[in-house]
file upload_8.cif (mmCIF, C-alpha atoms)
data_my_file
#
loop_
_atom_site.label_atom_id
_atom_site.label_comp_id
_atom_site.auth_asym_id
_atom_site.auth_seq_id
_atom_site.Cartn_x
_atom_site.Cartn_y
_atom_site.Cartn_z
CA MET A 1 -4.81 44.78 -50.68
CA LYS A 2 -8.40 43.86 -51.36
CA ARG A 3 -9.29 44.48 -47.72
CA PHE A 4 -7.64 47.93 -47.81
CA ALA A 5 -9.52 48.83 -50.97
CA PHE A 6 -12.77 47.64 -49.46
CA ALA A 7 -12.14 49.65 -46.25
CA LEU A 8 -11.30 52.76 -48.29
CA ILE A 9 -14.47 52.46 -50.33
CA LEU A 10 -16.48 51.93 -47.16
CA LEU A 11 -14.88 55.04 -45.53
CA ILE A 12 -15.61 57.17 -48.62
CA ALA A 13 -19.18 55.93 -48.58
CA ILE A 14 -19.61 56.81 -44.88
CA VAL A 15 -18.05 60.29 -45.34
CA GLY A 16 -20.22 60.87 -48.39
CA PHE A 17 -23.32 59.79 -46.51
CA LEU A 18 -22.47 62.11 -43.58
CA GLY A 19 -21.85 65.01 -45.97
CA TRP A 20 -25.16 64.42 -47.65
CA ALA A 21 -26.94 64.12 -44.25
CA ILE A 22 -25.36 67.38 -42.98
CA ALA A 23 -26.30 69.17 -46.21
CA GLN A 24 -29.87 68.00 -45.87
CA ASP A 25 -30.36 69.21 -42.29
CA SER A 26 -27.88 70.43 -39.66
CA GLY A 27 -30.25 69.56 -36.79
CA TYR A 28 -30.50 71.34 -33.45
CA VAL A 29 -29.57 70.30 -29.87
CA LEU A 30 -30.49 72.25 -26.73
CA ILE A 31 -29.43 71.23 -23.20
CA SER A 32 -30.61 73.46 -20.38
CA TYR A 33 -30.29 72.96 -16.62
CA ASP A 34 -30.67 75.75 -14.09
CA ARG A 35 -28.40 78.50 -15.43
CA PHE A 36 -26.50 76.13 -17.73
CA ARG A 37 -27.50 76.29 -21.37
CA TYR A 38 -25.92 74.49 -24.33
CA GLU A 39 -26.96 74.93 -27.93
CA SER A 40 -25.44 73.46 -31.08
CA SER A 41 -26.27 71.67 -34.25
CA PHE A 42 -26.90 67.95 -34.02
CA TRP A 43 -23.80 67.07 -36.01
CA ILE A 44 -21.49 69.22 -33.88
CA PHE A 45 -22.95 67.61 -30.72
CA LEU A 46 -22.39 64.15 -32.22
CA GLY A 47 -18.77 65.07 -33.04
CA LEU A 48 -18.28 66.32 -29.48
CA ILE A 49 -19.45 62.99 -28.07
CA ALA A 50 -17.10 61.15 -30.45
CA CYS A 51 -14.19 63.33 -29.29
CA LEU A 52 -14.99 62.67 -25.61
CA TRP A 53 -15.15 58.91 -26.25
CA LEU A 54 -11.83 59.04 -28.10
CA LEU A 55 -10.28 61.02 -25.24
CA ALA A 56 -11.50 58.43 -22.69
CA MET A 57 -9.96 55.61 -24.73
CA VAL A 58 -6.61 57.47 -24.93
CA VAL A 59 -6.59 58.09 -21.16
CA HIS A 60 -7.42 54.41 -20.49
CA TRP A 61 -4.59 53.32 -22.81
CA VAL A 62 -2.10 55.68 -21.16
CA LEU A 63 -3.03 54.51 -17.65
CA GLY A 64 -2.71 50.84 -18.69
CA LEU A 65 0.68 51.56 -20.22
CA LEU A 66 1.84 53.27 -17.03
CA HIS A 67 0.59 50.34 -14.88
CA THR A 68 2.32 47.76 -17.07
CA SER A 69 5.58 49.64 -17.16
CA GLY A 70 5.42 50.12 -13.39
CA ALA A 71 4.89 46.39 -12.87
CA LEU A 72 7.84 45.63 -15.10
CA VAL A 73 10.09 48.11 -13.32
CA ASN A 74 8.95 47.54 -9.71
CA PRO A 75 10.57 44.35 -8.34
CA TRP A 76 7.93 44.08 -5.59
CA SER A 77 4.93 44.24 -7.90
CA ARG A 78 2.39 41.44 -7.97
CA ARG A 79 3.56 40.48 -11.45
CA HIS A 80 7.12 39.98 -10.27
CA ARG A 81 6.00 38.18 -7.09
CA GLU A 82 3.98 35.68 -9.11
CA ARG A 83 6.95 35.09 -11.40
CA ARG A 84 9.23 34.46 -8.40
CA VAL A 85 6.73 32.01 -6.85
CA SER A 86 6.32 30.18 -10.15
CA LYS A 87 10.09 29.92 -10.64
CA ALA A 88 10.66 28.71 -7.05
CA SER A 89 7.85 26.16 -7.45
CA ARG A 90 9.26 24.73 -10.70
CA SER A 91 12.79 24.55 -9.32
CA GLY A 92 11.69 23.03 -6.00
CA LEU A 93 9.50 20.33 -7.54
CA ARG A 94 12.24 19.36 -9.99
CA GLU A 95 14.85 19.21 -7.22
CA LEU A 96 12.48 17.16 -5.06
CA ALA A 97 12.08 14.62 -7.87
CA GLU A 98 15.86 14.54 -8.36
CA GLY A 99 16.55 13.98 -4.66
CA GLN A 100 18.26 17.34 -4.14
CA TRP A 101 16.70 17.75 -0.72
CA SER A 102 18.38 20.91 0.56
CA PRO A 103 17.69 23.22 -2.44
CA ALA A 104 14.24 21.67 -2.83
CA LEU A 105 13.46 22.56 0.79
CA GLY A 106 14.52 26.18 0.30
CA HIS A 107 12.65 26.71 -2.96
CA LEU A 108 9.44 24.95 -1.90
CA ARG A 109 9.32 26.68 1.46
CA SER A 110 9.77 30.06 -0.25
CA ALA A 111 7.04 29.25 -2.78
CA ALA A 112 4.69 28.14 -0.01
CA GLU A 113 5.12 31.36 1.96
CA HIS A 114 4.12 33.57 -0.99
CA ASP A 115 1.56 31.41 -2.81
CA HIS A 116 -2.17 31.75 -2.21
CA HIS A 117 -2.54 27.94 -2.50
CA PRO A 118 0.59 26.60 -0.78
CA LEU A 119 -0.46 23.01 0.00
CA VAL A 120 1.64 21.21 -2.63
CA HIS A 121 4.68 23.29 -1.76
CA TYR A 122 4.36 22.70 1.99
CA LEU A 123 3.95 18.96 1.50
CA GLY A 124 6.98 18.80 -0.80
CA ALA A 125 9.06 20.88 1.60
CA ALA A 126 8.05 18.60 4.50
CA ARG A 127 9.23 15.56 2.52
CA ALA A 128 12.55 17.24 1.73
CA ALA A 129 13.07 18.21 5.38
CA ASN A 130 12.26 14.66 6.44
CA GLU A 131 14.85 13.27 4.03
CA LEU A 132 17.41 15.65 5.54
CA GLY A 133 16.60 14.31 9.00
CA GLU A 134 15.08 17.61 10.11
CA HIS A 135 11.96 16.01 11.56
CA GLU A 136 10.88 18.95 13.69
CA GLN A 137 10.99 21.30 10.70
CA SER A 138 9.08 18.71 8.66
CA ASP A 139 6.31 18.57 11.27
CA GLU A 140 6.24 22.38 11.48
CA LEU A 141 5.77 22.64 7.70
CA LEU A 142 2.88 20.18 7.87
CA ARG A 143 1.34 22.22 10.69
CA LYS A 144 1.55 25.37 8.57
CA ALA A 145 -0.01 23.53 5.63
CA ARG A 146 -2.93 22.53 7.85
CA GLU A 147 -3.33 26.12 9.09
CA ARG A 148 -3.18 27.71 5.63
CA GLU A 149 -5.52 25.18 4.01
CA PRO A 150 -7.74 23.64 6.72
CA GLU A 151 -9.87 21.82 4.14
CA SER A 152 -6.83 19.74 3.10
CA GLY A 153 -6.53 17.83 6.38
CA LEU A 154 -6.70 14.45 4.62
CA ALA A 155 -3.79 15.23 2.29
CA VAL A 156 -1.69 16.58 5.16
CA GLY A 157 -2.56 13.59 7.38
CA LEU A 158 -1.62 11.07 4.70
CA THR A 159 1.72 12.80 4.14
CA GLN A 160 2.34 12.88 7.88
CA ALA A 161 1.60 9.15 8.21
CA GLN A 162 3.94 8.32 5.32
CA LEU A 163 6.75 10.35 6.85
CA GLN A 164 6.20 8.78 10.27
CA ILE A 165 6.40 5.31 8.74
CA ALA A 166 9.59 6.31 6.90
CA ARG A 167 11.09 7.43 10.25
CA GLY A 168 10.08 4.19 11.95
CA GLN A 169 7.60 6.01 14.19
CA TYR A 170 5.04 3.23 13.84
CA GLY A 171 3.08 4.08 16.98
CA GLU A 172 2.59 7.70 15.87
CA ALA A 173 1.76 6.57 12.34
CA ARG A 174 -0.87 4.22 13.72
CA GLU A 175 -2.51 7.04 15.69
CA THR A 176 -2.49 9.30 12.62
CA LEU A 177 -3.98 6.65 10.36
CA ASN A 178 -6.60 5.60 12.90
CA ALA A 179 -7.76 9.22 13.12
CA LEU A 180 -7.88 9.47 9.32
CA HIS A 181 -9.73 6.16 9.10
CA SER A 182 -12.29 7.38 11.62
CA ASP A 183 -12.98 10.48 9.50
CA ASN A 184 -12.60 8.78 6.10
CA PRO A 185 -13.56 5.10 6.55
CA ARG A 186 -13.84 4.41 2.81
CA HIS A 187 -10.73 6.16 1.57
CA PRO A 188 -8.67 3.59 -0.40
CA TYR A 189 -5.24 5.01 0.37
CA VAL A 190 -5.95 5.30 4.10
CA LEU A 191 -6.90 1.61 4.08
CA THR A 192 -3.81 0.74 2.01
CA LEU A 193 -1.46 2.51 4.43
CA LEU A 194 -3.16 0.83 7.40
CA GLN A 195 -2.71 -2.56 5.76
CA GLN A 196 0.97 -1.89 5.07
CA LEU A 197 1.51 -0.63 8.63
CA TYR A 198 -0.11 -3.71 10.20
CA VAL A 199 2.15 -5.95 8.10
CA GLN A 200 5.16 -3.90 9.22
CA LEU A 201 4.09 -4.20 12.86
CA GLU A 202 3.16 -7.88 12.41
CA ASP A 203 -0.18 -7.05 14.02
CA TRP A 204 -1.97 -9.87 12.24
CA SER A 205 -5.13 -9.72 14.32
CA ALA A 206 -5.63 -6.05 13.44
CA LEU A 207 -4.95 -6.82 9.77
CA CYS A 208 -7.52 -9.64 9.85
CA ARG A 209 -10.10 -7.21 11.23
CA LEU A 210 -9.28 -4.78 8.41
CA LEU A 211 -9.58 -7.37 5.64
CA PRO A 212 -13.39 -7.12 5.21
CA GLU A 213 -13.06 -3.37 4.59
CA LEU A 214 -10.27 -3.95 2.07
CA ARG A 215 -12.50 -6.40 0.22
CA LYS A 216 -15.63 -4.23 0.45
CA HIS A 217 -13.95 -1.15 -0.97
CA ARG A 218 -11.84 -3.11 -3.50
CA VAL A 219 -8.60 -1.60 -2.30
CA LEU A 220 -6.52 -4.47 -3.71
CA PRO A 221 -6.97 -6.76 -6.73
CA ALA A 222 -9.05 -9.84 -5.88
CA ALA A 223 -6.16 -12.29 -6.31
CA ARG A 224 -3.80 -10.20 -4.17
CA LEU A 225 -6.45 -9.76 -1.50
CA SER A 226 -7.13 -13.51 -1.32
CA GLU A 227 -3.41 -14.17 -0.95
CA LEU A 228 -3.10 -11.51 1.76
CA GLU A 229 -6.13 -12.89 3.58
CA LEU A 230 -4.66 -16.39 3.71
CA LEU A 231 -1.23 -15.17 4.82
CA ALA A 232 -2.68 -12.81 7.45
CA TRP A 233 -4.89 -15.45 9.06
CA THR A 234 -2.09 -18.00 8.94
CA ALA A 235 0.28 -15.57 10.66
CA ALA A 236 -2.41 -14.65 13.22
CA ILE A 237 -2.93 -18.34 14.10
CA GLU A 238 0.83 -18.93 14.31
CA GLN A 239 1.17 -15.91 16.57
CA ALA A 240 -1.67 -17.09 18.81
CA GLY A 241 -0.11 -20.57 19.03
CA GLN A 242 3.19 -19.43 20.56
CA PRO A 243 4.02 -20.56 24.13
CA PRO A 244 2.63 -18.05 26.64
CA ALA A 245 4.71 -15.62 28.64
CA PRO A 246 4.75 -16.20 32.41
CA GLY A 247 1.61 -14.85 34.01
CA SER A 248 -0.30 -14.50 30.74
CA GLU A 249 -3.77 -15.88 30.09
CA ASP A 250 -4.42 -19.41 28.92
CA ALA A 251 -2.67 -19.59 25.53
CA LEU A 252 -4.59 -22.68 24.40
CA GLN A 253 -7.89 -20.93 25.00
CA ALA A 254 -6.65 -17.85 23.13
CA LEU A 255 -5.57 -20.02 20.19
CA ASN A 256 -8.95 -21.74 20.01
CA GLN A 257 -10.73 -18.41 20.17
CA GLU A 258 -8.57 -17.05 17.37
CA TRP A 259 -9.38 -20.15 15.30
CA GLN A 260 -13.10 -19.55 15.78
CA THR A 261 -12.75 -16.08 14.24
CA VAL A 262 -11.24 -17.48 11.02
CA PRO A 263 -13.77 -17.20 8.14
CA SER A 264 -15.40 -20.57 7.49
CA GLY A 265 -14.24 -20.50 3.87
CA LEU A 266 -10.60 -20.51 4.99
CA ARG A 267 -10.70 -23.22 7.66
CA ASN A 268 -10.05 -25.95 5.11
CA GLU A 269 -6.92 -24.27 3.73
CA PRO A 270 -3.93 -26.57 4.40
CA LEU A 271 -1.67 -23.67 5.46
CA LEU A 272 -4.16 -22.55 8.10
CA VAL A 273 -4.90 -26.06 9.33
CA ARG A 274 -1.19 -26.78 9.64
CA ALA A 275 -0.62 -23.53 11.57
CA TYR A 276 -3.47 -24.38 13.95
CA ALA A 277 -2.22 -27.94 14.46
CA ASP A 278 1.33 -26.71 15.09
CA GLY A 279 0.03 -24.28 17.69
CA LEU A 280 -1.94 -27.03 19.43
CA SER A 281 1.17 -29.23 19.50
CA ARG A 282 3.35 -26.45 20.91
CA LEU A 283 0.80 -25.87 23.66
CA GLY A 284 0.65 -29.58 24.58
CA ALA A 285 -2.62 -30.49 22.83
CA ASP A 286 -1.24 -33.18 20.51
CA ALA A 287 -4.42 -35.24 20.67
CA LYS A 288 -6.49 -32.27 19.50
CA ALA A 289 -3.94 -31.53 16.77
CA GLU A 290 -4.21 -35.12 15.50
CA GLU A 291 -8.00 -34.83 15.33
CA VAL A 292 -7.79 -31.53 13.42
CA LEU A 293 -5.28 -32.93 10.91
CA TYR A 294 -7.21 -36.14 10.41
CA ALA A 295 -10.46 -34.27 9.76
CA ALA A 296 -8.72 -32.04 7.21
CA LEU A 297 -7.02 -34.98 5.48
CA LYS A 298 -10.34 -36.79 5.22
CA ARG A 299 -11.71 -33.81 3.30
CA GLN A 300 -8.62 -33.32 1.12
CA PHE A 301 -5.32 -35.20 1.01
CA ASP A 302 -2.39 -32.81 1.26
CA ASN A 303 1.31 -33.57 1.65
CA ARG A 304 1.90 -30.71 4.09
CA LEU A 305 -0.78 -32.00 6.42
CA VAL A 306 0.40 -35.60 6.06
CA GLU A 307 3.89 -34.55 7.18
CA ARG A 308 2.39 -32.90 10.29
CA TYR A 309 0.16 -35.89 10.93
CA GLY A 310 3.25 -38.06 11.23
CA ARG A 311 4.75 -35.74 13.86
CA VAL A 312 1.84 -35.40 16.30
CA ARG A 313 1.11 -38.03 18.93
CA GLY A 314 -2.55 -38.94 18.82
CA GLN A 315 -4.50 -40.27 21.77
CA GLU A 316 -4.58 -43.73 20.16
CA PRO A 317 -1.35 -44.37 18.19
CA GLY A 318 -2.72 -47.62 16.80
CA ARG A 319 -5.77 -45.91 15.32
CA GLN A 320 -3.53 -43.13 14.01
CA LEU A 321 -1.39 -45.72 12.20
CA ALA A 322 -4.48 -47.38 10.72
CA ASN A 323 -5.73 -44.00 9.47
CA ALA A 324 -2.44 -43.27 7.73
CA GLU A 325 -2.21 -46.75 6.23
CA GLY A 326 -5.69 -46.24 4.79
CA TRP A 327 -4.34 -43.33 2.71
CA LEU A 328 -1.44 -45.47 1.48
CA LYS A 329 -3.71 -47.43 -0.87
CA ALA A 330 -4.39 -44.32 -2.95
CA ASN A 331 -0.85 -42.90 -2.53
CA PRO A 332 1.58 -45.86 -2.51
CA GLU A 333 4.59 -43.84 -3.75
CA ASN A 334 4.11 -40.73 -1.64
CA ALA A 335 7.38 -40.07 0.19
CA GLU A 336 5.73 -37.73 2.74
CA LEU A 337 3.11 -40.30 3.65
CA LEU A 338 5.72 -43.08 3.94
CA LEU A 339 7.82 -40.86 6.23
CA ALA A 340 4.75 -40.16 8.37
CA LEU A 341 3.99 -43.88 8.54
CA GLY A 342 7.56 -44.60 9.65
CA ARG A 343 7.28 -42.07 12.48
CA ILE A 344 3.88 -43.35 13.62
CA SER A 345 5.15 -46.95 13.49
CA MET A 346 8.06 -46.00 15.77
CA ARG A 347 5.62 -44.51 18.27
CA ASN A 348 3.80 -47.86 18.17
CA ALA A 349 7.15 -49.66 18.73
CA LEU A 350 6.79 -51.44 15.38
CA TRP A 351 10.47 -51.20 14.53
CA GLY A 352 10.52 -53.44 11.48
CA LYS A 353 7.51 -51.78 9.91
CA ALA A 354 8.96 -48.36 10.67
CA ARG A 355 12.21 -49.35 8.97
CA ASP A 356 10.39 -50.59 5.88
CA TYR A 357 8.33 -47.42 5.58
CA LEU A 358 11.36 -45.13 6.01
CA GLU A 359 13.46 -47.02 3.49
CA ALA A 360 10.56 -46.96 1.03
CA SER A 361 10.30 -43.20 1.51
CA LEU A 362 14.02 -42.84 0.79
CA ARG A 363 13.63 -44.79 -2.44
CA PHE A 364 11.09 -42.29 -3.75
CA GLU A 365 12.70 -39.11 -2.40
CA HIS A 366 16.05 -38.64 -0.71
CA ARG A 367 15.42 -36.14 2.09
CA PRO A 368 17.50 -35.16 5.13
CA GLU A 369 14.54 -35.68 7.51
CA THR A 370 14.05 -39.24 6.29
CA CYS A 371 17.78 -39.96 6.56
CA ALA A 372 17.78 -38.65 10.15
CA GLU A 373 14.72 -40.69 11.20
CA LEU A 374 16.09 -43.90 9.68
CA ALA A 375 19.55 -43.25 11.15
CA ARG A 376 18.07 -42.90 14.66
CA LEU A 377 16.05 -46.07 14.19
CA LEU A 378 19.06 -48.05 12.94
CA ALA A 379 21.15 -46.80 15.88
CA GLN A 380 18.42 -48.07 18.20
CA LEU A 381 18.48 -51.42 16.37
CA GLY A 382 22.26 -51.65 16.68
CA ASP A 383 23.22 -50.96 13.05
CA ASN A 384 25.61 -48.16 13.96
CA GLU A 385 27.67 -48.28 10.77
CA ARG A 386 24.72 -47.62 8.47
CA SER A 387 23.23 -45.20 10.97
CA ASN A 388 26.38 -43.04 10.85
CA ARG A 389 26.43 -43.23 7.07
CA LEU A 390 22.84 -42.02 6.88
CA PHE A 391 23.54 -39.17 9.30
CA GLN A 392 26.41 -38.04 7.07
CA GLU A 393 24.23 -38.42 4.01
CA GLY A 394 21.51 -36.26 5.58
CA LEU A 395 24.04 -33.55 6.48
CA GLY A 396 25.27 -33.59 2.89
CA LEU A 397 21.73 -33.06 1.66
CA LEU A 398 21.37 -30.06 3.95
CA ASP A 399 24.62 -28.53 2.65
CA GLY A 400 24.16 -29.10 -1.07
CA PRO A 401 21.62 -29.87 -3.78
CA GLN A 402 19.71 -33.10 -3.60
CA VAL A 403 20.82 -35.84 -5.98
CA ALA A 404 19.11 -39.02 -6.91
CA PRO A 405 20.34 -41.81 -4.61
CA ALA A 406 21.38 -45.32 -5.47
CA PRO A 407 18.75 -47.94 -4.60
CA VAL A 408 18.70 -48.76 -0.90
CA ALA A 409 18.77 -52.48 -0.18
CA THR A 410 16.07 -53.43 2.26
CA SER A 411 16.64 -55.94 4.97
CA SER A 412 14.22 -57.48 7.38
CA GLN A 413 14.47 -57.04 11.10
#
call {"tool": "encode", "arguments": {"input": "upload_8.cif", "output": "structure tokens"}}
result
Amino acid sequence: MKRFAFALILLIAIVGFLGWAIAQDSGYVLISYDRFRYESSFWIFLGLIACLWLLAMVVHWVLGLLHTSGALVNPWSRRHRERRVSKASRSGLRELAEGQWSPALGHLRSAAEHDHHPLVHYLGAARAANELGEHEQSDELLRKAREREPESGLAVGLTQAQLQIARGQYGEARETLNALHSDNPRHPYVLTLLQQLYVQLEDWSALCRLLPELRKHRVLPAARLSELELLAWTAAIEQAGQPPAPGSEDALQALNQEWQTVPSGLRNEPLLVRAYADGLSRLGADAKAEEVLYAALKRQFDNRLVERYGRVRGQEPGRQLANAEGWLKANPENAELLLALGRISMRNALWGKARDYLEASLRFEHRPETCAELARLLAQLGDNERSNRLFQEGLGLLDGPQVAPAPVATSSQ
């Protein structure tokens, strides 16, 4: 109410001022051009301009009203087309998230064909087609996405690689990712997909070559990367230590070369040392395996390496036994070490000592391997009844949970 009163007072003041100004002087306006001549008072000319301006505003309003009503009525207008694209996009993305692949494919493909920026719709439609098993249509949609938005090659390539991996097309996925890696060597997700693909393919050597880039660009958390690094190098060494196929190159040389590529900070890791020693043993280099295990155990005592040390046949079994007995002083109740000593003693034909070590190992930990070793030794010594009992006991340990055994009575040879 106050605003209306204020506006009314202001209007009266303006009208009053104009009346006073017109009464003071009507003014004079003359416009002449060639044969055209216009004369009027200043105030009439000013009113004419105001009327022309008002007429222009009315015409503009009428034209806008006609355009809006036409857009509302015409189903093929840009307004309606944008609404259809928006509706198809919303429906398709929701259906894609819900796993409704067939309707999602239809809606997203329709949205992509009519949208000025169709990338997201093409990629979603390609995923839906892939889930339906329509791989050719999926690839065609990705090709159209690349044609319509050439600057989005990375996004299209990553989607293509993911779909190829999902189909089990690992060779094609590798080619796609290698091309992306060549163009985008620092991209974290490209590196992540390459890492996952190499694990899937069990291409440990390629994964080991990729590890420095993963670390440099911080693709994975430090703890996860360290774990992956150890597992990858261990698997690569195990792979290199397999018996060669007929006609292949010297496997022992390949294993040693692979070992030389292992980062120096990892060569003392028990898992890696054990994998290298196992490979040497499989390839007939037991003496070298014994040296590798002994050097590692001198640096750091580890049960896993001790167990392997008892299995390999060193060049000098007597020295090997002395080395193992030297560790016994610091580890007198270590079941792994006692088992290893029993095995080494048997290789030295020290049957009584072997029996003592194996029975001592059984007292500290009842294990099927120890039962089997002692059973074989007792059979060789003629104690068939106890040998059979130990074989049965070892089989029971393999079939069920381990239980604490009753004390084993020792007897001299």
call {"tool": "residues_near_point", "arguments": {"input": "upload_8.cif", "point": "(-25.8, 72.7, -34.6)", "cutoff": "12 Å", "atoms": "only C-alpha atoms", "output": "JSON, numbers by chain"}}
result
{"A": [22, 25, 26, 27, 28, 29, 30, 38, 39, 40, 41, 42, 43, 44, 45, 46, 47, 48]}
call {"tool": "residues_around", "arguments": {"input": "upload_8.cif", "residues": "A:Ala129", "least_positions_apart": "2", "cutoff": "10 Å", "atoms": "all atoms listed in the file", "output": "ChimeraX atom specification"}}
result
/A:101-102,104-106,123-127,131-139,141
call {"tool": "residues_around", "arguments": {"input": "upload_8.cif", "residues": "A:Leu214", "least_positions_apart": "2", "cutoff": "12 Å", "atoms": "only C-alpha atoms", "output": "PyMOL selection string"}}
result
chain A and resi 185-196+207-212+216-222+224-226+228-229
call {"tool": "resolve_selection", "arguments": {"input": "upload_8.cif", "expression": "the PyMOL selection byres ((chain A and resi 375-391) around 12)", "output": "number ranges by chain"}}
result
A: 342-343, 345-347, 349-359, 362, 366-374, 392-398, 405, 408-409, 411-413
call {"tool": "write_last_selection", "arguments": {"input": "upload_8.cif", "atoms": "C-alpha atoms", "output": "mmCIF file, in the frame of the given file"}}
result
data_model
loop_
_atom_site.group_PDB
_atom_site.id
_atom_site.type_symbol
_atom_site.label_atom_id
_atom_site.label_comp_id
_atom_site.auth_asym_id
_atom_site.auth_seq_id
_atom_site.Cartn_x
_atom_site.Cartn_y
_atom_site.Cartn_z
ATOM 1 C CA GLY A 342 7.560 -44.600 9.650
ATOM 2 C CA ARG A 343 7.280 -42.070 12.480
ATOM 3 C CA SER A 345 5.150 -46.950 13.490
ATOM 4 C CA MET A 346 8.060 -46.000 15.770
ATOM 5 C CA ARG A 347 5.620 -44.510 18.270
ATOM 6 C CA ALA A 349 7.150 -49.660 18.730
ATOM 7 C CA LEU A 350 6.790 -51.440 15.380
ATOM 8 C CA TRP A 351 10.470 -51.200 14.530
ATOM 9 C CA GLY A 352 10.520 -53.440 11.480
ATOM 10 C CA LYS A 353 7.510 -51.780 9.910
ATOM 11 C CA ALA A 354 8.960 -48.360 10.670
ATOM 12 C CA ARG A 355 12.210 -49.350 8.970
ATOM 13 C CA ASP A 356 10.390 -50.590 5.880
ATOM 14 C CA TYR A 357 8.330 -47.420 5.580
ATOM 15 C CA LEU A 358 11.360 -45.130 6.010
ATOM 16 C CA GLU A 359 13.460 -47.020 3.490
ATOM 17 C CA LEU A 362 14.020 -42.840 0.790
ATOM 18 C CA HIS A 366 16.050 -38.640 -0.710
ATOM 19 C CA ARG A 367 15.420 -36.140 2.090
ATOM 20 C CA PRO A 368 17.500 -35.160 5.130
ATOM 21 C CA GLU A 369 14.540 -35.680 7.510
ATOM 22 C CA THR A 370 14.050 -39.240 6.290
ATOM 23 C CA CYS A 371 17.780 -39.960 6.560
ATOM 24 C CA ALA A 372 17.780 -38.650 10.150
ATOM 25 C CA GLU A 373 14.720 -40.690 11.200
ATOM 26 C CA LEU A 374 16.090 -43.900 9.680
ATOM 27 C CA GLN A 392 26.410 -38.040 7.070
ATOM 28 C CA GLU A 393 24.230 -38.420 4.010
ATOM 29 C CA GLY A 394 21.510 -36.260 5.580
ATOM 30 C CA LEU A 395 24.040 -33.550 6.480
ATOM 31 C CA GLY A 396 25.270 -33.590 2.890
ATOM 32 C CA LEU A 397 21.730 -33.060 1.660
ATOM 33 C CA LEU A 398 21.370 -30.060 3.950
ATOM 34 C CA PRO A 405 20.340 -41.810 -4.610
ATOM 35 C CA VAL A 408 18.700 -48.760 -0.900
ATOM 36 C CA ALA A 409 18.770 -52.480 -0.180
ATOM 37 C CA SER A 411 16.640 -55.940 4.970
ATOM 38 C CA SER A 412 14.220 -57.480 7.380
ATOM 39 C CA GLN A 413 14.470 -57.040 11.100
#
call {"tool": "atom_distance", "arguments": {"input": "upload_8.cif", "atom1": "atom CA of A:Gln24", "atom2": "atom CA of A:Ile9"}}
result
22.3 Å
call {"tool": "closest_residue", "arguments": {"input": "upload_8.cif", "among": "A:Leu8, A:Ala128, A:Ala166, A:Ala88", "to": "A:Asp115", "atoms": "only C-alpha atoms"}}
result
A:Ala88
call {"tool": "closest_residue", "arguments": {"input": "upload_8.cif", "among": "A:Leu93, A:Val59, A:Leu11, A:Ala322", "to": "A:Ala111", "atoms": "all atoms listed in the file"}}
result
A:Leu93
call {"tool": "residues_near_point", "arguments": {"input": "upload_8.cif", "point": "(2.1, -38.8, 17.4)", "cutoff": "8 Å", "atoms": "all atoms listed in the file", "output": "compact mmCIF listing (two decimals) with C-alpha atoms, in the coordinates of the input"}}
result
# COMPACT_ATOMS: atom_id res chain seq x y z
CA ASP A 286 -1.24 -33.18 20.51
CA GLU A 290 -4.21 -35.12 15.50
CA TYR A 309 0.16 -35.89 10.93
CA GLY A 310 3.25 -38.06 11.23
CA ARG A 311 4.75 -35.74 13.86
CA VAL A 312 1.84 -35.40 16.30
CA ARG A 313 1.11 -38.03 18.93
CA GLY A 314 -2.55 -38.94 18.82
CA PRO A 317 -1.35 -44.37 18.19
CA GLN A 320 -3.53 -43.13 14.01
CA ARG A 343 7.28 -42.07 12.48
CA ILE A 344 3.88 -43.35 13.62
CA ARG A 347 5.62 -44.51 18.27
call {"tool": "resolve_selection", "arguments": {"input": "upload_8.cif", "expression": "the PyMOL selection byres ((chain A and resi 335) around 10)", "output": "list of chain:residue names"}}
result
A:Asn303, A:Glu307, A:Asn331, A:Pro332, A:Glu333, A:Asn334, A:Glu336, A:Leu337, A:Leu338, A:Leu339, A:Ala340, A:Leu341, A:Tyr357, A:Leu358, A:Glu359, A:Ala360, A:Ser361, A:Leu362, A:Arg363, A:Phe364, A:Glu365, A:His366, A:Arg367, A:Thr370
call {"tool": "atom_distance", "arguments": {"input": "upload_8.cif", "atom1": "atom CA of A:Leu293", "atom2": "atom CA of A:Leu252"}}
result
17.0 Å
call {"tool": "resolve_selection", "arguments": {"input": "upload_8.cif", "expression": "the PyMOL selection byres ((chain A and resi 235) around 12)", "output": "JSON, numbers by chain"}}
result
{"A": [198, 199, 202, 203, 204, 205, 206, 207, 208, 228, 229, 230, 231, 232, 233, 234, 236, 237, 238, 239, 240, 241, 242, 258, 259, 262, 271, 272, 273, 274, 275, 276, 279]}
call {"tool": "atom_distance", "arguments": {"input": "upload_8.cif", "atom1": "atom CA of A:Arg308", "atom2": "atom CA of A:Asp278"}}
result
7.9 Å
call {"tool": "residues_around", "arguments": {"input": "upload_8.cif", "residues": "A:Gly153", "least_positions_apart": "4", "cutoff": "12 Å", "atoms": "all atoms listed in the file", "output": "list in words"}}
result
Leu119, Leu123, Leu142, Arg143, Lys144, Ala145, Arg146, Glu147, Arg148, Glu149, Gly157, Leu158, Thr159, Gln160, Thr176, Ala179, Leu180, Asp183 and Asn184 of chain A
